>>> print(open('data.cif').read())   # mmCIF, C-alpha atoms and all ligand atoms
data_my_file
loop_
_atom_site.label_atom_id
_atom_site.label_comp_id
_atom_site.auth_asym_id
_atom_site.auth_seq_id
_atom_site.Cartn_x
_atom_site.Cartn_y
_atom_site.Cartn_z
CA MET Z 277 18.53 6.84 -21.53
CA GLY Z 278 18.18 6.41 -17.76
CA LYS Z 279 15.51 4.47 -15.94
CA GLN Z 280 12.18 6.28 -16.16
CA ILE Z 281 10.16 6.89 -12.99
CA LEU Z 282 6.64 8.25 -13.41
CA ILE Z 283 5.44 10.25 -10.40
CA LEU Z 284 1.69 10.55 -9.77
CA PRO Z 285 1.17 12.75 -6.67
CA GLY Z 286 -2.64 12.45 -6.76
CA ASP Z 287 -4.99 14.26 -4.38
CA GLY Z 288 -5.31 15.51 -0.81
CA ILE Z 289 -2.07 14.91 1.07
CA GLY Z 290 -0.68 13.14 -2.03
CA PRO Z 291 1.29 16.14 -3.35
CA GLU Z 292 2.53 17.01 0.18
CA ILE Z 293 3.97 13.58 0.96
CA MET Z 294 5.22 13.11 -2.59
CA ALA Z 295 7.28 16.32 -2.44
CA GLU Z 296 9.23 14.82 0.48
CA ALA Z 297 9.59 11.38 -1.11
CA VAL Z 298 10.92 12.98 -4.31
CA LYS Z 299 13.58 14.88 -2.33
CA VAL Z 300 14.73 11.56 -0.89
CA LEU Z 301 14.58 9.86 -4.30
CA GLU Z 302 16.59 12.66 -5.92
CA LEU Z 303 19.29 12.46 -3.26
CA ALA Z 304 19.45 8.66 -3.58
CA ASN Z 305 19.64 9.09 -7.37
CA ASP Z 306 22.75 11.33 -7.02
CA LYS Z 307 24.38 9.52 -4.13
CA PHE Z 308 24.09 6.03 -5.58
CA GLN Z 309 24.30 7.12 -9.25
CA LEU Z 310 21.05 5.40 -10.12
CA GLY Z 311 20.51 7.30 -13.38
CA PHE Z 312 16.79 7.79 -12.81
CA GLU Z 313 14.82 10.32 -14.86
CA LEU Z 314 11.63 11.55 -13.19
CA SER Z 315 8.48 12.71 -14.94
CA TYR Z 316 5.08 13.73 -13.58
CA ASP Z 317 1.42 13.25 -14.40
CA ASP Z 318 -1.99 13.24 -12.71
CA LEU Z 319 -4.20 10.45 -11.39
CA GLY Z 320 -7.52 10.48 -9.53
CA GLY Z 321 -9.27 13.75 -8.78
CA ALA Z 322 -6.39 15.79 -10.19
CA ALA Z 323 -6.79 13.90 -13.47
CA ILE Z 324 -10.57 14.42 -13.48
CA ASP Z 325 -9.94 18.16 -13.17
CA LYS Z 326 -7.32 18.12 -15.93
CA TYR Z 327 -8.46 15.42 -18.38
CA GLY Z 328 -12.09 14.77 -17.38
CA VAL Z 329 -11.31 11.16 -16.40
CA PRO Z 330 -9.45 9.71 -13.38
CA LEU Z 331 -6.87 7.95 -15.59
CA ALA Z 332 -6.23 9.43 -19.03
CA ASP Z 333 -5.09 7.10 -21.83
CA GLU Z 334 -1.91 9.13 -22.23
CA THR Z 335 -1.12 8.75 -18.53
CA LEU Z 336 -1.64 5.01 -18.76
CA GLU Z 337 0.72 4.88 -21.74
CA ARG Z 338 3.34 6.85 -19.79
CA ALA Z 339 2.93 4.41 -16.89
CA ARG Z 340 3.38 1.45 -19.25
CA ALA Z 341 6.50 3.01 -20.73
CA ALA Z 342 8.03 3.84 -17.34
CA ASP Z 343 10.28 1.44 -15.45
CA ALA Z 344 8.37 2.14 -12.23
CA VAL Z 345 5.55 4.34 -10.97
CA LEU Z 346 5.46 6.20 -7.65
CA LEU Z 347 1.99 7.20 -6.46
CA GLY Z 348 0.76 9.43 -3.63
CA ALA Z 349 -2.96 8.82 -3.02
CA VAL Z 350 -6.24 9.63 -4.72
CA GLY Z 351 -9.75 10.72 -3.79
CA GLY Z 352 -11.48 13.36 -1.74
CA PRO Z 353 -14.81 15.02 -0.97
CA LYS Z 354 -14.60 17.23 -4.08
CA TRP Z 355 -15.20 14.15 -6.25
CA ASP Z 356 -17.37 12.05 -3.90
CA SER Z 357 -20.66 12.87 -5.61
CA ILE Z 358 -19.63 12.52 -9.25
CA ASP Z 359 -20.62 9.57 -11.46
CA PRO Z 360 -19.22 6.50 -9.59
CA ALA Z 361 -17.83 5.18 -12.88
CA ILE Z 362 -15.30 8.03 -13.02
CA ARG Z 363 -14.56 8.54 -9.32
CA PRO Z 364 -10.85 9.06 -8.51
CA GLU Z 365 -10.60 5.55 -7.03
CA ARG Z 366 -11.65 4.07 -10.40
CA GLY Z 367 -8.47 5.55 -11.89
CA LEU Z 368 -6.39 3.78 -9.26
CA LEU Z 369 -8.15 0.46 -9.84
CA LYS Z 370 -7.72 0.85 -13.60
CA ILE Z 371 -4.00 1.57 -13.50
CA ARG Z 372 -3.46 -1.43 -11.19
CA SER Z 373 -5.48 -3.67 -13.47
CA GLN Z 374 -4.10 -2.38 -16.78
CA LEU Z 375 -0.51 -2.74 -15.60
CA GLY Z 376 -1.25 -6.26 -14.32
CA LEU Z 377 -0.11 -5.40 -10.79
CA PHE Z 378 -1.67 -8.40 -9.07
CA GLY Z 379 0.84 -8.80 -6.25
CA ASN Z 380 0.55 -6.20 -3.50
CA LEU Z 381 3.18 -6.37 -0.76
CA ARG Z 382 2.27 -4.50 2.41
CA PRO Z 383 4.90 -4.89 5.10
CA ALA Z 384 3.87 -3.90 8.63
CA LEU Z 385 7.09 -3.32 10.51
CA LEU Z 386 7.28 -1.74 13.93
CA TYR Z 387 10.26 0.55 14.22
CA PRO Z 388 11.33 -0.02 17.85
CA GLN Z 389 11.38 3.75 18.41
CA LEU Z 390 7.60 3.79 17.80
CA ALA Z 391 6.57 1.13 20.31
CA ASP Z 392 4.81 3.83 22.36
CA ALA Z 393 2.94 5.15 19.30
CA SER Z 394 1.21 1.82 18.67
CA SER Z 395 -2.33 1.51 19.98
CA LEU Z 396 -1.34 -1.85 21.45
CA LYS Z 397 0.82 -2.52 24.51
CA PRO Z 398 4.55 -2.39 23.66
CA GLU Z 399 5.05 -6.04 24.67
CA VAL Z 400 2.34 -7.15 22.22
CA VAL Z 401 3.94 -5.38 19.25
CA ALA Z 402 7.69 -5.27 20.08
CA GLY Z 403 9.64 -6.78 17.20
CA LEU Z 404 6.59 -6.92 14.92
CA ASP Z 405 7.51 -7.63 11.30
CA ILE Z 406 4.72 -9.07 9.16
CA LEU Z 407 4.04 -8.99 5.46
CA ILE Z 408 0.56 -8.91 3.99
CA VAL Z 409 0.46 -10.22 0.42
CA ARG Z 410 -2.76 -8.89 -1.05
CA GLU Z 411 -4.26 -9.94 -4.39
CA LEU Z 412 -4.75 -6.62 -6.17
CA THR Z 413 -6.42 -7.01 -9.57
CA GLY Z 414 -9.27 -9.44 -8.92
CA GLY Z 415 -12.07 -10.13 -6.50
CA ILE Z 416 -14.93 -7.90 -5.50
CA TYR Z 417 -13.31 -4.59 -6.49
CA PHE Z 418 -13.36 -5.71 -10.12
CA GLY Z 419 -16.03 -8.42 -10.35
CA GLN Z 420 -18.83 -8.18 -12.91
CA PRO Z 421 -21.73 -7.87 -12.83
CA ARG Z 422 -22.11 -5.02 -10.39
CA GLU Z 423 -25.12 -2.83 -10.42
CA ASN Z 424 -27.24 -0.24 -8.70
CA LYS Z 425 -30.90 -0.52 -9.64
CA VAL Z 426 -34.39 0.52 -8.65
CA PHE Z 427 -37.28 -1.97 -8.67
CA ASP Z 428 -40.67 -0.97 -10.09
CA ASN Z 429 -41.97 -0.41 -6.55
CA GLY Z 430 -39.21 2.15 -5.93
CA GLU Z 431 -37.07 -0.14 -3.75
CA ARG Z 432 -33.34 0.41 -4.46
CA MET Z 433 -30.89 -2.47 -4.54
CA ALA Z 434 -27.24 -2.90 -5.42
CA TYR Z 435 -24.83 -5.79 -5.67
CA ASP Z 436 -21.20 -6.61 -6.37
CA THR Z 437 -19.63 -9.87 -7.49
CA LEU Z 438 -16.64 -11.64 -5.93
CA PRO Z 439 -15.02 -13.84 -8.59
CA TYR Z 440 -11.65 -15.58 -8.43
CA SER Z 441 -10.25 -17.87 -11.08
CA GLU Z 442 -7.88 -20.69 -10.28
CA SER Z 443 -5.02 -18.97 -12.13
CA GLU Z 444 -5.53 -15.70 -10.25
CA ILE Z 445 -5.36 -17.54 -6.94
CA ARG Z 446 -2.41 -19.69 -7.98
CA ARG Z 447 -0.19 -16.74 -8.97
CA ILE Z 448 -0.81 -14.76 -5.78
CA ALA Z 449 -0.38 -17.89 -3.66
CA LYS Z 450 3.03 -18.38 -5.28
CA VAL Z 451 3.98 -14.81 -4.34
CA GLY Z 452 2.95 -15.58 -0.76
CA PHE Z 453 4.96 -18.81 -0.64
CA ASP Z 454 8.00 -17.19 -2.30
CA MET Z 455 7.94 -14.38 0.25
CA ALA Z 456 7.50 -16.84 3.12
CA ARG Z 457 10.44 -18.89 1.84
CA VAL Z 458 12.85 -15.96 2.19
CA ARG Z 459 11.43 -14.93 5.57
CA SER Z 460 10.31 -17.24 8.41
CA LYS Z 461 8.87 -20.00 6.19
CA LYS Z 462 5.39 -19.50 7.65
CA LEU Z 463 2.40 -18.58 5.49
CA CYS Z 464 -1.13 -17.93 6.71
CA SER Z 465 -3.81 -17.84 4.02
CA VAL Z 466 -6.78 -15.75 5.09
CA ASP Z 467 -10.20 -16.38 3.58
CA LYS Z 468 -13.87 -16.86 4.43
CA ALA Z 469 -14.12 -20.44 3.21
CA ASN Z 470 -16.84 -21.27 5.73
CA VAL Z 471 -19.21 -19.05 3.71
CA LEU Z 472 -17.90 -17.92 0.31
CA ALA Z 473 -17.55 -20.11 -2.78
CA SER Z 474 -14.64 -17.94 -3.99
CA SER Z 475 -12.87 -18.58 -0.68
CA GLN Z 476 -13.46 -22.34 -0.95
CA LEU Z 477 -11.67 -22.33 -4.29
CA TRP Z 478 -9.02 -20.01 -2.82
CA ARG Z 479 -8.27 -22.48 -0.02
CA ALA Z 480 -8.20 -25.50 -2.34
CA VAL Z 481 -5.80 -23.83 -4.79
CA VAL Z 482 -3.52 -22.54 -2.00
CA GLN Z 483 -3.32 -26.12 -0.69
CA GLU Z 484 -2.34 -27.35 -4.16
CA VAL Z 485 0.38 -24.71 -4.51
CA ALA Z 486 1.67 -25.69 -1.05
CA LYS Z 487 2.80 -29.04 -2.48
CA ASP Z 488 5.58 -27.15 -4.32
CA TYR Z 489 6.70 -25.53 -1.07
CA PRO Z 490 7.18 -28.36 1.44
CA ASP Z 491 9.62 -26.18 3.40
CA VAL Z 492 6.90 -23.57 4.13
CA GLU Z 493 4.43 -24.17 6.95
CA LEU Z 494 0.95 -23.29 5.68
CA SER Z 495 -2.01 -22.41 7.88
CA HIS Z 496 -5.50 -21.14 7.06
CA MET Z 497 -7.58 -18.65 9.01
CA TYR Z 498 -11.00 -17.12 8.52
CA VAL Z 499 -10.82 -13.39 7.99
CA ASP Z 500 -12.93 -12.47 11.01
CA ASN Z 501 -10.62 -14.44 13.29
CA ALA Z 502 -7.57 -12.99 11.52
CA ALA Z 503 -8.82 -9.46 12.22
CA MET Z 504 -9.12 -10.37 15.88
CA GLN Z 505 -5.78 -12.24 16.08
CA LEU Z 506 -3.98 -9.27 14.52
CA VAL Z 507 -4.77 -7.17 17.57
CA ARG Z 508 -4.63 -10.03 20.11
CA ALA Z 509 -1.29 -11.60 19.20
CA PRO Z 510 0.03 -10.14 15.93
CA LYS Z 511 3.46 -11.71 16.21
CA GLN Z 512 1.99 -15.17 15.50
CA PHE Z 513 1.94 -14.05 11.82
CA ASP Z 514 4.82 -13.78 9.42
CA VAL Z 515 3.42 -13.71 5.86
CA ILE Z 516 -0.33 -13.43 5.27
CA VAL Z 517 -1.75 -14.04 1.78
CA THR Z 518 -5.28 -12.93 1.11
CA ASP Z 519 -7.73 -11.53 -1.41
CA ASN Z 520 -8.17 -7.95 -2.55
CA MET Z 521 -10.77 -6.69 -0.09
CA PHE Z 522 -9.62 -8.68 2.94
CA GLY Z 523 -6.04 -7.49 2.30
CA ASP Z 524 -7.20 -3.89 2.00
CA ILE Z 525 -8.94 -4.04 5.36
CA LEU Z 526 -6.38 -6.13 7.25
CA SER Z 527 -3.49 -3.94 6.12
CA ASP Z 528 -5.16 -0.80 7.49
CA GLU Z 529 -5.69 -2.69 10.73
CA ALA Z 530 -2.07 -3.91 10.80
CA SER Z 531 -0.85 -0.35 10.23
CA MET Z 532 -1.99 0.65 13.70
CA LEU Z 533 0.28 -1.97 15.21
CA THR Z 534 3.20 -0.02 13.74
CA GLY Z 535 2.04 3.32 15.14
CA SER Z 536 0.20 4.80 12.17
CA ILE Z 537 -0.99 4.17 8.66
CA GLY Z 538 1.45 6.96 7.83
CA MET Z 539 4.22 4.36 8.29
CA LEU Z 540 2.98 1.68 5.85
CA PRO Z 541 4.53 1.52 2.36
CA SER Z 542 3.54 -0.85 -0.42
CA ALA Z 543 4.71 -2.39 -3.66
CA SER Z 544 2.29 -3.53 -6.37
CA LEU Z 545 4.06 -5.88 -8.74
CA ASP Z 546 3.37 -7.62 -12.03
CA ALA Z 547 4.75 -11.01 -13.00
CA ASN Z 548 8.12 -9.43 -13.91
CA SER Z 549 8.52 -7.19 -10.85
CA LYS Z 550 7.54 -4.10 -12.78
CA GLY Z 551 5.84 -2.10 -10.11
CA MET Z 552 3.90 0.79 -8.75
CA TYR Z 553 4.79 1.98 -5.27
CA GLU Z 554 2.50 3.84 -2.92
CA PRO Z 555 1.72 4.34 0.75
CA CYS Z 556 -1.13 2.13 2.02
CA HIS Z 557 -3.12 5.13 3.18
CA GLY Z 558 -5.48 7.36 1.25
CA SER Z 559 -5.56 11.07 0.53
CA ALA Z 560 -6.48 11.97 4.15
CA PRO Z 561 -8.80 14.90 3.34
CA ASP Z 562 -9.13 15.65 7.06
CA ILE Z 563 -5.51 16.81 7.24
CA ALA Z 564 -4.83 17.77 3.60
CA GLY Z 565 -3.33 21.23 3.07
CA LYS Z 566 -2.16 21.52 6.67
CA GLY Z 567 1.38 20.28 6.05
CA ILE Z 568 1.19 17.78 8.89
CA ALA Z 569 0.89 14.43 7.09
CA ASN Z 570 3.48 11.75 7.74
CA PRO Z 571 5.62 11.33 4.60
CA LEU Z 572 7.46 8.22 5.85
CA ALA Z 573 5.14 5.65 4.21
CA THR Z 574 5.81 7.28 0.84
CA ILE Z 575 9.54 7.59 1.53
CA LEU Z 576 9.60 3.90 2.49
CA SER Z 577 7.72 3.14 -0.74
CA VAL Z 578 10.68 4.68 -2.59
CA SER Z 579 12.88 2.23 -0.72
CA MET Z 580 10.64 -0.66 -1.82
CA MET Z 581 10.86 0.61 -5.42
CA LEU Z 582 14.66 0.55 -5.30
CA ARG Z 583 14.61 -2.95 -3.80
CA TYR Z 584 11.96 -4.65 -5.93
CA SER Z 585 12.10 -2.91 -9.31
CA PHE Z 586 15.79 -2.04 -9.50
CA SER Z 587 17.60 -4.45 -7.11
CA GLN Z 588 19.36 -1.40 -5.59
CA THR Z 589 19.66 -3.02 -2.18
CA GLN Z 590 22.29 -0.66 -0.83
CA ALA Z 591 20.27 2.45 -1.69
CA ALA Z 592 17.06 0.86 -0.34
CA ASP Z 593 18.78 -0.10 2.93
CA ALA Z 594 20.20 3.42 3.24
CA ILE Z 595 16.74 5.02 2.99
CA GLU Z 596 15.37 2.68 5.66
CA ARG Z 597 18.39 3.46 7.84
CA ALA Z 598 17.85 7.21 7.34
CA VAL Z 599 14.21 6.83 8.45
CA SER Z 600 15.35 4.95 11.53
CA ASP Z 601 17.98 7.63 12.29
CA VAL Z 602 15.34 10.37 12.13
CA LEU Z 603 13.13 8.42 14.54
CA ASP Z 604 16.20 8.04 16.81
CA GLN Z 605 16.48 11.83 16.80
CA GLY Z 606 12.98 11.92 18.31
CA LEU Z 607 11.30 13.62 15.35
CA ARG Z 608 7.63 12.68 14.92
CA THR Z 609 4.71 13.89 12.81
CA GLY Z 610 1.48 14.18 14.80
CA ASP Z 611 0.21 10.70 13.96
CA ILE Z 612 3.22 8.99 15.59
CA TRP Z 613 3.96 11.57 18.27
CA SER Z 614 4.32 10.49 21.89
CA GLU Z 615 5.43 12.21 25.11
CA GLY Z 616 9.05 13.39 25.07
CA CYS Z 617 9.30 13.52 21.25
CA GLN Z 618 9.51 16.59 19.01
CA LYS Z 619 6.42 17.17 16.89
CA VAL Z 620 7.37 18.19 13.33
CA ASP Z 621 5.55 18.96 10.11
CA THR Z 622 5.68 17.06 6.81
CA ARG Z 623 8.48 19.13 5.30
CA THR Z 624 10.69 19.04 8.41
CA MET Z 625 10.34 15.25 8.51
CA GLY Z 626 11.27 14.95 4.82
CA ASP Z 627 14.25 17.30 5.22
CA ALA Z 628 15.44 15.31 8.23
CA VAL Z 629 15.39 12.06 6.22
CA VAL Z 630 17.31 13.79 3.41
CA ALA Z 631 19.90 15.07 5.91
CA ALA Z 632 20.24 11.62 7.53
CA LEU Z 633 20.63 9.96 4.11
CA ALA Z 634 23.24 12.51 3.06
CA LYS Z 635 25.34 11.60 6.13
CA LEU Z 636 25.38 7.84 5.44
N1 LIG K 1 -4.40 4.29 -2.40
C1 LIG K 1 -5.23 5.30 -2.38
O1 LIG K 1 -5.08 6.25 -3.13
C2 LIG K 1 -6.35 5.29 -1.41
C3 LIG K 1 -7.30 6.27 -1.49
N2 LIG K 1 -8.29 6.34 -0.56
C4 LIG K 1 -9.19 7.49 -0.66
O2 LIG K 1 -8.74 8.49 0.25
C5 LIG K 1 -9.85 9.25 0.73
C6 LIG K 1 -9.86 9.28 2.25
O3 LIG K 1 -10.12 7.97 2.72
P1 LIG K 1 -10.05 7.57 4.25
O4 LIG K 1 -10.96 6.43 4.44
O5 LIG K 1 -10.21 8.76 5.10
O6 LIG K 1 -8.57 6.95 4.44
P2 LIG K 1 -7.17 7.67 4.63
O7 LIG K 1 -6.15 6.60 4.66
O8 LIG K 1 -7.00 8.76 3.66
O9 LIG K 1 -7.26 8.34 6.09
C7 LIG K 1 -7.63 7.60 7.24
C8 LIG K 1 -7.11 8.32 8.50
O10 LIG K 1 -5.68 8.18 8.52
C9 LIG K 1 -5.05 9.44 8.55
N3 LIG K 1 -3.85 9.39 7.69
C10 LIG K 1 -3.77 8.80 6.47
N4 LIG K 1 -2.54 8.99 5.96
C11 LIG K 1 -1.84 9.69 6.86
C12 LIG K 1 -0.52 10.20 6.90
N5 LIG K 1 0.36 10.01 5.91
N6 LIG K 1 -0.13 10.91 7.97
C13 LIG K 1 -0.98 11.10 9.01
N7 LIG K 1 -2.24 10.65 9.04
C14 LIG K 1 -2.68 9.96 7.96
C15 LIG K 1 -6.08 10.42 8.00
O11 LIG K 1 -5.83 11.73 8.47
C16 LIG K 1 -7.39 9.81 8.48
O12 LIG K 1 -7.67 10.24 9.80
C17 LIG K 1 -11.08 8.62 0.10
O13 LIG K 1 -11.41 9.34 -1.03
C18 LIG K 1 -10.61 7.22 -0.26
O14 LIG K 1 -11.35 6.63 -1.29
C19 LIG K 1 -8.35 5.48 0.52
C20 LIG K 1 -7.41 4.48 0.62
C21 LIG K 1 -6.38 4.28 -0.35
C1 LIG K 2 -9.11 3.33 -2.71
C2 LIG K 2 -9.19 1.85 -3.00
C3 LIG K 2 -9.39 1.65 -4.47
C4 LIG K 2 -8.02 1.05 -2.59
C5 LIG K 2 -7.52 1.06 -1.19
O1 LIG K 2 -8.14 1.42 -0.21
C6 LIG K 2 -6.18 0.55 -1.02
O2 LIG K 2 -5.57 0.08 -1.98
O3 LIG K 2 -5.69 0.57 0.12
MG MG K 3 -7.08 0.74 1.61
#
>>> encode(input="data.cif", output="structure tokens")
Amino acid sequence: MGKQILILPGDGIGPEIMAEAVKVLELANDKFQLGFELSYDDLGGAAIDKYGVPLADETLERARAADAVLLGAVGGPKWDSIDPAIRPERGLLKIRSQLGLFGNLRPALLYPQLADASSLKPEVVAGLDILIVRELTGGIYFGQPRENKVFDNGERMAYDTLPYSESEIRRIAKVGFDMARVRSKKLCSVDKANVLASSQLWRAVVQEVAKDYPDVELSHMYVDNAAMQLVRAPKQFDVIVTDNMFGDILSDEASMLTGSIGMLPSASLDANSKGMYEPCHGSAPDIAGKGIANPLATILSVSMMLRYSFSQTQAADAIERAVSDVLDQGLRTGDIWSEGCQKVDTRTMGDAVVAALAKL
């Protein structure tokens, strides 16, 4: 039996971008004789419509049994007013947590062809290549207790909890240091240790882990400063390690340095590099159904899957090269379009990557 890939297109632009990523995956499968077998299921709003819950038990079992999962995106206005406990996003959080995918790698790489598409001056972003390592199964998105309540006088209140255990911090810190070790040997840990108890523990544990990595230069930065530094002088960073919510926010910010969030792939890994791969963006309801979404983040997530889950470096490199070749041809979806380039739709972009990959 071949390697099993479970595809979860999700909602909004999810199915549109996934159709293009699957074309690329199928070509890579043939060209590099990867022996992958693809199967499909639903997550998020699509799963609510089909199963009544955002992640059905049978889908979770299929994800557990698969060698890797490829996800589009979930959520949308259709499900915004349902019971918060079964919103589409809860299905995403559950699959991450149940599969133990604590290590989220979000590379923000500026393709030189897109220097004009970045919202920052070309000289500020030229050569940008940073990696955000985000803790993905702990922190405030999962912390208990969390509650919405109404006091006797009618006043509403709500709260969330931001817990981190030492072992949760230690294992993500190690991912950060390991990544830094094979890159520029510079790690910046981002926290809010001037205010939050969880961040104070975070910083202390990261400092302890650093003792095992004397070759890596460790720095610490408060998250508010990090948000500012990312747009002031982003190239000062190489690898950033941070918690779940800070990583969520900073990676969306970093995406704009690369031209668009439509360019940012991600890998979510467990302790054995079993992974789920997805673009960093959401279901983009504002452009869903128009056929104009950028499929490159999802296509690049396929490349990350080949690299991290299957050690298929040659195939992964080839997909990245095909993306670069298409950008060389001047093809751009609307989100990365600039003067002098040819504006194309989602399908044309996907077909162009397939054609470029076929030629390599
Ligand atoms: N991993 C996931 O499945 C995620 C799901 N969401 C969900 O997605 C829904 C929409 O959330 P938003 O805050 O609007 O974030 P979003 O990332 O979906 O969209 C933000 C902006 O970026 C644009 N955009 C996103 N992906 C794009 C692409 N591939 N090509 C071109 N433009 C793109 C959108 O058109 C929009 O203007 C919500 O229901 C949210 O909860 C949000 C983030 C992650
Ligand atoms: C929709 C959230 C659960 C997650 C998110 O925004 C993300 O992982 O980027
Ligand atoms: Mg996000």
>>> residues_near_ligand(input="data.cif", ligand="ligand LIG 2 (chain K)", cutoff="9 Å", atoms="all atoms listed in the file", output="MDAnalysis selection string")
chainID Z and resid 349:351 364:369 380 412 417 520:521 523:525 527:528 554:558
>>> atom_distance(input="data.cif", atom1="CA of Asp593 in chain Z", atom2="CA of Ala632 in chain Z")
12.7 Å
>>> residues_around(input="data.cif", residues="range 478-490 of chain Z", least_positions_apart="3", cutoff="12 Å", atoms="all atoms listed in the file", output="PyMOL selection string")
chain Z and resi 411+415+438-458+461-470+472-475+493-498+517-519
>>> write_last_selection(input="data.cif", atoms="C-alpha atoms", output="PDB file, keeping the file's coordinate frame")
ATOM      1  CA  GLU Z 411      -4.260  -9.940  -4.390  1.00  0.00           C
ATOM      2  CA  GLY Z 415     -12.070 -10.130  -6.500  1.00  0.00           C
ATOM      3  CA  LEU Z 438     -16.640 -11.640  -5.930  1.00  0.00           C
ATOM      4  CA  PRO Z 439     -15.020 -13.840  -8.590  1.00  0.00           C
ATOM      5  CA  TYR Z 440     -11.650 -15.580  -8.430  1.00  0.00           C
ATOM      6  CA  SER Z 441     -10.250 -17.870 -11.080  1.00  0.00           C
ATOM      7  CA  GLU Z 442      -7.880 -20.690 -10.280  1.00  0.00           C
ATOM      8  CA  SER Z 443      -5.020 -18.970 -12.130  1.00  0.00           C
ATOM      9  CA  GLU Z 444      -5.530 -15.700 -10.250  1.00  0.00           C
ATOM     10  CA  ILE Z 445      -5.360 -17.540  -6.940  1.00  0.00           C
ATOM     11  CA  ARG Z 446      -2.410 -19.690  -7.980  1.00  0.00           C
ATOM     12  CA  ARG Z 447      -0.190 -16.740  -8.970  1.00  0.00           C
ATOM     13  CA  ILE Z 448      -0.810 -14.760  -5.780  1.00  0.00           C
ATOM     14  CA  ALA Z 449      -0.380 -17.890  -3.660  1.00  0.00           C
ATOM     15  CA  LYS Z 450       3.030 -18.380  -5.280  1.00  0.00           C
ATOM     16  CA  VAL Z 451       3.980 -14.810  -4.340  1.00  0.00           C
ATOM     17  CA  GLY Z 452       2.950 -15.580  -0.760  1.00  0.00           C
ATOM     18  CA  PHE Z 453       4.960 -18.810  -0.640  1.00  0.00           C
ATOM     19  CA  ASP Z 454       8.000 -17.190  -2.300  1.00  0.00           C
ATOM     20  CA  MET Z 455       7.940 -14.380   0.250  1.00  0.00           C
ATOM     21  CA  ALA Z 456       7.500 -16.840   3.120  1.00  0.00           C
ATOM     22  CA  ARG Z 457      10.440 -18.890   1.840  1.00  0.00           C
ATOM     23  CA  VAL Z 458      12.850 -15.960   2.190  1.00  0.00           C
ATOM     24  CA  LYS Z 461       8.870 -20.000   6.190  1.00  0.00           C
ATOM     25  CA  LYS Z 462       5.390 -19.500   7.650  1.00  0.00           C
ATOM     26  CA  LEU Z 463       2.400 -18.580   5.490  1.00  0.00           C
ATOM     27  CA  CYS Z 464      -1.130 -17.930   6.710  1.00  0.00           C
ATOM     28  CA  SER Z 465      -3.810 -17.840   4.020  1.00  0.00           C
ATOM     29  CA  VAL Z 466      -6.780 -15.750   5.090  1.00  0.00           C
ATOM     30  CA  ASP Z 467     -10.200 -16.380   3.580  1.00  0.00           C
ATOM     31  CA  LYS Z 468     -13.870 -16.860   4.430  1.00  0.00           C
ATOM     32  CA  ALA Z 469     -14.120 -20.440   3.210  1.00  0.00           C
ATOM     33  CA  ASN Z 470     -16.840 -21.270   5.730  1.00  0.00           C
ATOM     34  CA  LEU Z 472     -17.900 -17.920   0.310  1.00  0.00           C
ATOM     35  CA  ALA Z 473     -17.550 -20.110  -2.780  1.00  0.00           C
ATOM     36  CA  SER Z 474     -14.640 -17.940  -3.990  1.00  0.00           C
ATOM     37  CA  SER Z 475     -12.870 -18.580  -0.680  1.00  0.00           C
ATOM     38  CA  GLU Z 493       4.430 -24.170   6.950  1.00  0.00           C
ATOM     39  CA  LEU Z 494       0.950 -23.290   5.680  1.00  0.00           C
ATOM     40  CA  SER Z 495      -2.010 -22.410   7.880  1.00  0.00           C
ATOM     41  CA  HIS Z 496      -5.500 -21.140   7.060  1.00  0.00           C
ATOM     42  CA  MET Z 497      -7.580 -18.650   9.010  1.00  0.00           C
ATOM     43  CA  TYR Z 498     -11.000 -17.120   8.520  1.00  0.00           C
ATOM     44  CA  VAL Z 517      -1.750 -14.040   1.780  1.00  0.00           C
ATOM     45  CA  THR Z 518      -5.280 -12.930   1.110  1.00  0.00           C
ATOM     46  CA  ASP Z 519      -7.730 -11.530  -1.410  1.00  0.00           C
TER      47      ASP Z 519
END
>>> residues_near_ligand(input="data.cif", ligand="ligand LIG 1 (chain K)", cutoff="9 Å", atoms="all atoms listed in the file", output="PyMOL selection string")
chain Z and resi 286-290+293+320+347-353+355-356+363-365+368+524+528+536-540+554-564+568-574+609-612+622
>>> closest_residue(input="data.cif", among="Z:Arg338, Z:Lys511, Z:Arg382, Z:Lys635", to="ligand MG 3 (chain K)", atoms="all atoms listed in the file")
Z:Arg382
>>> closest_residue(input="data.cif", among="Z:Met625, Z:Ala631, Z:Ala297, Z:Leu526", to="ligand MG 3 (chain K)", atoms="all atoms listed in the file")
Z:Leu526
>>> closest_residue(input="data.cif", among="Z:Val401, Z:Ala530, Z:Met504, Z:Ala322", to="ligand MG 3 (chain K)", atoms="all atoms listed in the file")
Z:Ala530
>>> atom_distance(input="data.cif", atom1="CA of Lys326 in chain Z", atom2="CA of Asp621 in chain Z")
29.1 Å
>>> atom_distance(input="data.cif", atom1="CA of Asp306 in chain Z", atom2="CA of Glu292 in chain Z")
22.2 Å
>>> closest_residue(input="data.cif", among="Z:Gly551, Z:Gly403, Z:Gly430, Z:Pro541", to="ligand MG 3 (chain K)", atoms="only C-alpha atoms and all ligand atoms")
Z:Pro541
>>> closest_residue(input="data.cif", among="Z:Val602, Z:Ala509, Z:Met277, Z:Met581", to="Lys397 in chain Z", atoms="only C-alpha atoms")
Z:Ala509
>>> closest_residue(input="data.cif", among="Z:Ser542, Z:Ala393, Z:Leu636, Z:Met580", to="Ala594 in chain Z", atoms="only C-alpha atoms")
Z:Leu636
